Amino acid sequence: MLAYCRAAPSQPLRTQHVQRKGPPLQRSAAFARPNRASVVLRGLHTADIMLLEEKKKLVANSIRGVPDFPKKGIMFWDITTLCLDPAAFRCCIEAFAERYRDQRIDVIAGFEARGFIFGPPLALELNCAFVPLRKPGKLPGETIGASYDLEYGSDRIELHTGHIKKGQRVLLIDDLVATGGTLVAGIKLMQQVQAEIVEAACVIELPELKGRKKVTDAGAKLYVLIEKEGA
């Protein structure tokens, strides 16, 4: 080891080697480096998986449920409380980044409006482009679009022509998947421009509404951080 010796005022600080007596220091079990081969599970270390679950728990606990909104019988999961908690918001973005960091994402396409909250910081983490998917009449340039069904009627999302190119690897992102209609419209848009859909990602899934099946039937995989009850 190195020991520092005080020099005379006019001399620079010098060091000398000191031989440590006694047996070599042993790394405690708590800080020992794990055997890499023994802890790998589906490409992640056990410690990484535990950390991911802790992040998901923090995210889940930071999102409040608002009953009877926007109408009676609906439980609305409000992600604005997640944004109030910097630690939880950071965990949310980090959890997505850890999943997609090595998947060569070219573009993150975020759905209006809450996909705009999660898409840009994740794009910065992955060093890729962000493209907004917007409601009709919101984009100033030439657009292409895809429609999707609502409980009563239909809606449409649009994309600036040329902002996502053929063959680019795209991650779709939104805050929540319920019935899956919005994500399916995004999948249709990516198919129109012949982009490669890596996955559709959401913070929350409401499994009772079976949106996952619609997404997979449309040709994309779905990844979510947490599940909540709701109808």
# chains A, B, ... in the order shown; residues from 1 in each chain; ligands from 1
call {"tool": "residues_around", "arguments": {"residues": "Leu122 in chain A", "least_positions_apart": "4", "cutoff": "10 Å", "atoms": "only C-alpha atoms", "output": "list in words"}}
result
Cys92, Ile93, Glu94, Ala95, Phe96, Ala97, Tyr100, Arg101, Ile108, Ile117, Phe118, Leu126, Asn127, Cys128, Ala129, Phe130 and Ile173 of chain A
call {"tool": "select_by_dssp", "arguments": {"residues": "range 50-182 of chain A", "states": "helix (DSSP H, G or I)", "output": "ChimeraX atom specification"}}
result
/A:50-62,80-83,86-100,115-126,181-182
call {"tool": "residues_around", "arguments": {"residues": "Ile226 in chain A", "least_positions_apart": "5", "cutoff": "7 Å", "atoms": "only C-alpha atoms", "output": "list in words"}}
result
Lys56, Ala60, Val203, Ile204 and Glu205 of chain A
call {"tool": "write_last_selection", "arguments": {"atoms": "all heavy atoms", "output": "PDB file, in the first residue's frame"}}
result
ATOM      1  N   LYS A  56     -39.504  -0.928 -10.111  1.00  0.00           N
ATOM      2  CA  LYS A  56     -40.906  -1.077 -10.487  1.00  0.00           C
ATOM      3  C   LYS A  56     -41.822  -0.804  -9.293  1.00  0.00           C
ATOM      4  O   LYS A  56     -42.881  -0.182  -9.430  1.00  0.00           O
ATOM      5  CB  LYS A  56     -41.159  -2.483 -11.029  1.00  0.00           C
ATOM      6  CG  LYS A  56     -40.568  -2.737 -12.409  1.00  0.00           C
ATOM      7  CD  LYS A  56     -40.906  -4.143 -12.858  1.00  0.00           C
ATOM      8  CE  LYS A  56     -40.392  -4.424 -14.261  1.00  0.00           C
ATOM      9  NZ  LYS A  56     -40.744  -5.794 -14.712  1.00  0.00           N
ATOM     10  N   ALA A  60     -44.700   1.985  -9.083  1.00  0.00           N
ATOM     11  CA  ALA A  60     -46.082   1.615  -8.792  1.00  0.00           C
ATOM     12  C   ALA A  60     -46.636   2.412  -7.613  1.00  0.00           C
ATOM     13  O   ALA A  60     -47.785   2.885  -7.645  1.00  0.00           O
ATOM     14  CB  ALA A  60     -46.172   0.123  -8.503  1.00  0.00           C
ATOM     15  N   VAL A 203     -45.907   2.199 -19.280  1.00  0.00           N
ATOM     16  CA  VAL A 203     -45.645   2.152 -17.842  1.00  0.00           C
ATOM     17  C   VAL A 203     -46.644   1.220 -17.168  1.00  0.00           C
ATOM     18  O   VAL A 203     -46.274   0.380 -16.349  1.00  0.00           O
ATOM     19  CB  VAL A 203     -45.732   3.558 -17.222  1.00  0.00           C
ATOM     20  CG1 VAL A 203     -45.464   3.503 -15.715  1.00  0.00           C
ATOM     21  CG2 VAL A 203     -44.754   4.513 -17.899  1.00  0.00           C
ATOM     22  N   ILE A 204     -47.930   1.341 -17.526  1.00  0.00           N
ATOM     23  CA  ILE A 204     -49.013   0.618 -16.846  1.00  0.00           C
ATOM     24  C   ILE A 204     -49.797  -0.224 -17.845  1.00  0.00           C
ATOM     25  O   ILE A 204     -50.072   0.206 -18.967  1.00  0.00           O
ATOM     26  CB  ILE A 204     -49.991   1.604 -16.176  1.00  0.00           C
ATOM     27  CG1 ILE A 204     -49.246   2.596 -15.278  1.00  0.00           C
ATOM     28  CG2 ILE A 204     -51.078   0.871 -15.393  1.00  0.00           C
ATOM     29  CD1 ILE A 204     -50.089   3.786 -14.856  1.00  0.00           C
ATOM     30  N   GLU A 205     -50.194  -1.408 -17.398  1.00  0.00           N
ATOM     31  CA  GLU A 205     -51.137  -2.238 -18.149  1.00  0.00           C
ATOM     32  C   GLU A 205     -52.353  -2.519 -17.283  1.00  0.00           C
ATOM     33  O   GLU A 205     -52.220  -2.798 -16.084  1.00  0.00           O
ATOM     34  CB  GLU A 205     -50.507  -3.562 -18.565  1.00  0.00           C
ATOM     35  CG  GLU A 205     -51.462  -4.482 -19.314  1.00  0.00           C
ATOM     36  CD  GLU A 205     -50.868  -5.830 -19.677  1.00  0.00           C
ATOM     37  OE1 GLU A 205     -49.738  -6.130 -19.231  1.00  0.00           O
ATOM     38  OE2 GLU A 205     -51.532  -6.586 -20.415  1.00  0.00           O
TER      39      GLU A 205
END
call {"tool": "residues_around", "arguments": {"residues": "Val170 in chain A", "least_positions_apart": "4", "cutoff": "6 Å", "atoms": "only C-alpha atoms", "output": "NGL selection string"}}
result
:A and (107-108 or 196-198)
call {"tool": "select_by_dssp", "arguments": {"residues": "range 46-224 of chain A", "states": "strand (DSSP E)", "output": "ChimeraX atom specification"}}
result
/A:64-67,75-78,107-111,129-133,143-149,154-160,169-177,196-205,222-224
call {"tool": "write_last_selection", "arguments": {"atoms": "N, CA and C atoms", "output": "compact mmCIF listing (two decimals), in the first residue's frame"}}
result
# COMPACT_ATOMS: atom_id res chain seq x y z
N ARG A 64 -51.00 7.48 -8.33
CA ARG A 64 -52.25 7.45 -7.56
C ARG A 64 -53.42 7.02 -8.42
N GLY A 65 -54.39 6.38 -7.79
CA GLY A 65 -55.63 6.04 -8.45
C GLY A 65 -56.72 7.04 -8.11
N VAL A 66 -57.42 7.51 -9.12
CA VAL A 66 -58.50 8.48 -8.93
C VAL A 66 -59.81 7.80 -9.32
N PRO A 67 -60.67 7.45 -8.36
CA PRO A 67 -61.91 6.74 -8.70
C PRO A 67 -62.92 7.66 -9.38
N MET A 75 -61.58 3.76 -12.76
CA MET A 75 -60.43 4.09 -11.92
C MET A 75 -59.34 4.64 -12.83
N PHE A 76 -59.00 5.90 -12.63
CA PHE A 76 -58.02 6.59 -13.46
C PHE A 76 -56.66 6.56 -12.75
N TRP A 77 -55.65 6.03 -13.43
CA TRP A 77 -54.30 5.97 -12.86
C TRP A 77 -53.52 7.18 -13.31
N ASP A 78 -53.21 8.04 -12.36
CA ASP A 78 -52.68 9.38 -12.63
C ASP A 78 -51.16 9.38 -12.54
N VAL A 107 -35.47 5.07 -33.35
CA VAL A 107 -36.49 6.09 -33.10
C VAL A 107 -37.41 5.62 -31.98
N ILE A 108 -37.74 6.53 -31.07
CA ILE A 108 -38.84 6.31 -30.14
C ILE A 108 -40.02 7.13 -30.61
N ALA A 109 -41.16 6.48 -30.82
CA ALA A 109 -42.38 7.16 -31.25
C ALA A 109 -43.34 7.20 -30.07
N GLY A 110 -43.66 8.42 -29.60
CA GLY A 110 -44.50 8.59 -28.43
C GLY A 110 -45.88 9.10 -28.78
N PHE A 111 -46.89 8.56 -28.11
CA PHE A 111 -48.27 8.91 -28.39
C PHE A 111 -48.70 10.15 -27.60
N ALA A 129 -33.54 9.19 -31.86
CA ALA A 129 -34.51 10.24 -32.19
C ALA A 129 -35.83 10.00 -31.45
N PHE A 130 -36.56 11.10 -31.26
CA PHE A 130 -37.93 11.00 -30.75
C PHE A 130 -38.87 11.60 -31.77
N VAL A 131 -39.96 10.89 -32.06
CA VAL A 131 -40.96 11.37 -33.02
C VAL A 131 -42.33 11.34 -32.34
N PRO A 132 -43.06 12.46 -32.35
CA PRO A 132 -44.40 12.48 -31.74
C PRO A 132 -45.46 11.94 -32.70
N LEU A 133 -46.36 11.14 -32.15
CA LEU A 133 -47.56 10.69 -32.87
C LEU A 133 -48.73 11.49 -32.32
N THR A 143 -48.61 14.76 -43.54
CA THR A 143 -48.72 13.66 -42.58
C THR A 143 -49.32 12.41 -43.23
N ILE A 144 -49.10 11.29 -42.55
CA ILE A 144 -49.86 10.07 -42.80
C ILE A 144 -50.52 9.72 -41.48
N GLY A 145 -51.59 8.93 -41.51
CA GLY A 145 -52.31 8.65 -40.27
C GLY A 145 -52.92 7.27 -40.25
N ALA A 146 -53.41 6.90 -39.07
CA ALA A 146 -54.12 5.63 -38.88
C ALA A 146 -55.22 5.88 -37.87
N SER A 147 -56.38 5.28 -38.10
CA SER A 147 -57.54 5.46 -37.24
C SER A 147 -57.68 4.29 -36.27
N TYR A 148 -58.35 4.54 -35.15
CA TYR A 148 -58.64 3.48 -34.20
C TYR A 148 -59.99 3.74 -33.55
N ASP A 149 -60.62 2.67 -33.06
CA ASP A 149 -61.96 2.75 -32.52
C ASP A 149 -61.94 3.16 -31.05
N SER A 154 -64.58 7.02 -33.25
CA SER A 154 -63.21 6.67 -33.60
C SER A 154 -62.32 7.90 -33.44
N ASP A 155 -61.02 7.67 -33.51
CA ASP A 155 -60.04 8.75 -33.46
C ASP A 155 -58.90 8.38 -34.40
N ARG A 156 -57.89 9.25 -34.45
CA ARG A 156 -56.84 9.07 -35.44
C ARG A 156 -55.53 9.64 -34.89
N ILE A 157 -54.43 9.01 -35.21
CA ILE A 157 -53.12 9.58 -34.90
C ILE A 157 -52.37 9.79 -36.20
N GLU A 158 -51.48 10.78 -36.18
CA GLU A 158 -50.75 11.14 -37.40
C GLU A 158 -49.26 11.27 -37.13
N LEU A 159 -48.51 11.15 -38.21
CA LEU A 159 -47.06 11.18 -38.18
C LEU A 159 -46.57 12.05 -39.33
N HIS A 160 -45.57 12.89 -39.09
CA HIS A 160 -44.98 13.66 -40.18
C HIS A 160 -44.35 12.72 -41.21
N ARG A 169 -35.47 0.94 -36.72
CA ARG A 169 -35.94 0.18 -35.55
C ARG A 169 -36.64 1.15 -34.58
N VAL A 170 -37.94 0.90 -34.38
CA VAL A 170 -38.78 1.85 -33.66
C VAL A 170 -39.32 1.23 -32.38
N LEU A 171 -39.29 2.01 -31.32
CA LEU A 171 -39.94 1.65 -30.06
C LEU A 171 -41.14 2.57 -29.87
N LEU A 172 -42.33 2.00 -29.75
CA LEU A 172 -43.54 2.76 -29.46
C LEU A 172 -43.68 2.90 -27.95
N ILE A 173 -44.07 4.09 -27.48
CA ILE A 173 -44.19 4.27 -26.03
C ILE A 173 -45.40 5.12 -25.67
N ASP A 174 -46.08 4.68 -24.58
CA ASP A 174 -47.21 5.43 -24.03
C ASP A 174 -47.24 5.18 -22.53
N ASP A 175 -48.12 5.90 -21.84
CA ASP A 175 -48.16 5.72 -20.39
C ASP A 175 -48.91 4.47 -19.98
N LEU A 176 -49.96 4.11 -20.74
CA LEU A 176 -50.86 3.05 -20.28
C LEU A 176 -51.46 2.31 -21.46
N VAL A 177 -51.63 1.00 -21.32
CA VAL A 177 -52.37 0.22 -22.31
C VAL A 177 -53.62 -0.32 -21.62
N GLU A 196 -39.29 -1.19 -38.61
CA GLU A 196 -39.24 -2.41 -37.81
C GLU A 196 -39.63 -2.07 -36.38
N ILE A 197 -40.70 -2.67 -35.90
CA ILE A 197 -41.16 -2.40 -34.54
C ILE A 197 -40.41 -3.32 -33.58
N VAL A 198 -39.61 -2.72 -32.73
CA VAL A 198 -38.89 -3.50 -31.73
C VAL A 198 -39.85 -3.97 -30.65
N GLU A 199 -40.68 -3.07 -30.17
CA GLU A 199 -41.63 -3.40 -29.12
C GLU A 199 -42.53 -2.19 -28.90
N ALA A 200 -43.67 -2.43 -28.25
CA ALA A 200 -44.50 -1.36 -27.70
C ALA A 200 -44.31 -1.39 -26.20
N ALA A 201 -44.07 -0.23 -25.59
CA ALA A 201 -43.76 -0.17 -24.16
C ALA A 201 -44.70 0.81 -23.47
N CYS A 202 -45.19 0.41 -22.29
CA CYS A 202 -46.04 1.28 -21.48
C CYS A 202 -45.63 1.16 -20.02
N VAL A 203 -45.91 2.20 -19.28
CA VAL A 203 -45.64 2.15 -17.84
C VAL A 203 -46.64 1.22 -17.17
N ILE A 204 -47.93 1.34 -17.53
CA ILE A 204 -49.01 0.62 -16.85
C ILE A 204 -49.80 -0.22 -17.85
N GLU A 205 -50.19 -1.41 -17.40
CA GLU A 205 -51.14 -2.24 -18.15
C GLU A 205 -52.35 -2.52 -17.28
N LEU A 222 -45.39 -6.53 -26.49
CA LEU A 222 -45.74 -5.50 -25.51
C LEU A 222 -44.93 -5.71 -24.24
N TYR A 223 -44.33 -4.62 -23.74
CA TYR A 223 -43.61 -4.65 -22.47
C TYR A 223 -44.17 -3.57 -21.57
N VAL A 224 -44.47 -3.92 -20.32
CA VAL A 224 -44.96 -2.94 -19.34
C VAL A 224 -44.15 -3.07 -18.06
call {"tool": "closest_residue", "arguments": {"among": "A:Ile79, A:Leu84, A:Cys91, A:Leu150", "to": "Ala113 in chain A", "atoms": "only C-alpha atoms"}}
result
A:Ile79
call {"tool": "atom_distance", "arguments": {"atom1": "CA of Lys57 in chain A", "atom2": "CA of Glu227 in chain A"}}
result
10.7 Å
call {"tool": "atom_distance", "arguments": {"atom1": "CA of Lys228 in chain A", "atom2": "CA of Gly186 in chain A"}}
result
22.7 Å
call {"tool": "closest_residue", "arguments": {"among": "A:Gly181, A:Gly230, A:Gly153, A:Pro70", "to": "Asp217 in chain A", "atoms": "only C-alpha atoms"}}
result
A:Gly181
call {"tool": "closest_residue", "arguments": {"among": "A:Ile74, A:Leu225, A:Val193, A:Leu183", "to": "Glu112 in chain A", "atoms": "only C-alpha atoms"}}
result
A:Leu183
call {"tool": "atom_distance", "arguments": {"atom1": "CA of Phe116 in chain A", "atom2": "CA of Asp68 in chain A"}}
result
25.1 Å
call {"tool": "residues_around", "arguments": {"residues": "Ala178 in chain A", "least_positions_apart": "4", "cutoff": "7 Å", "atoms": "only C-alpha atoms", "output": "list in words"}}
result
Glu205, Leu206, Leu209 and Gly211 of chain A
call {"tool": "write_last_selection", "arguments": {"atoms": "C-alpha atoms", "output": "PDB file, in the first residue's frame"}}
result
ATOM      1  CA  GLU A 205     -51.137  -2.238 -18.149  1.00  0.00           C
ATOM      2  CA  LEU A 206     -54.781  -2.867 -17.240  1.00  0.00           C
ATOM      3  CA  LEU A 209     -59.230  -4.904 -20.637  1.00  0.00           C
ATOM      4  CA  GLY A 211     -55.301  -4.757 -24.747  1.00  0.00           C
TER       5      GLY A 211
END
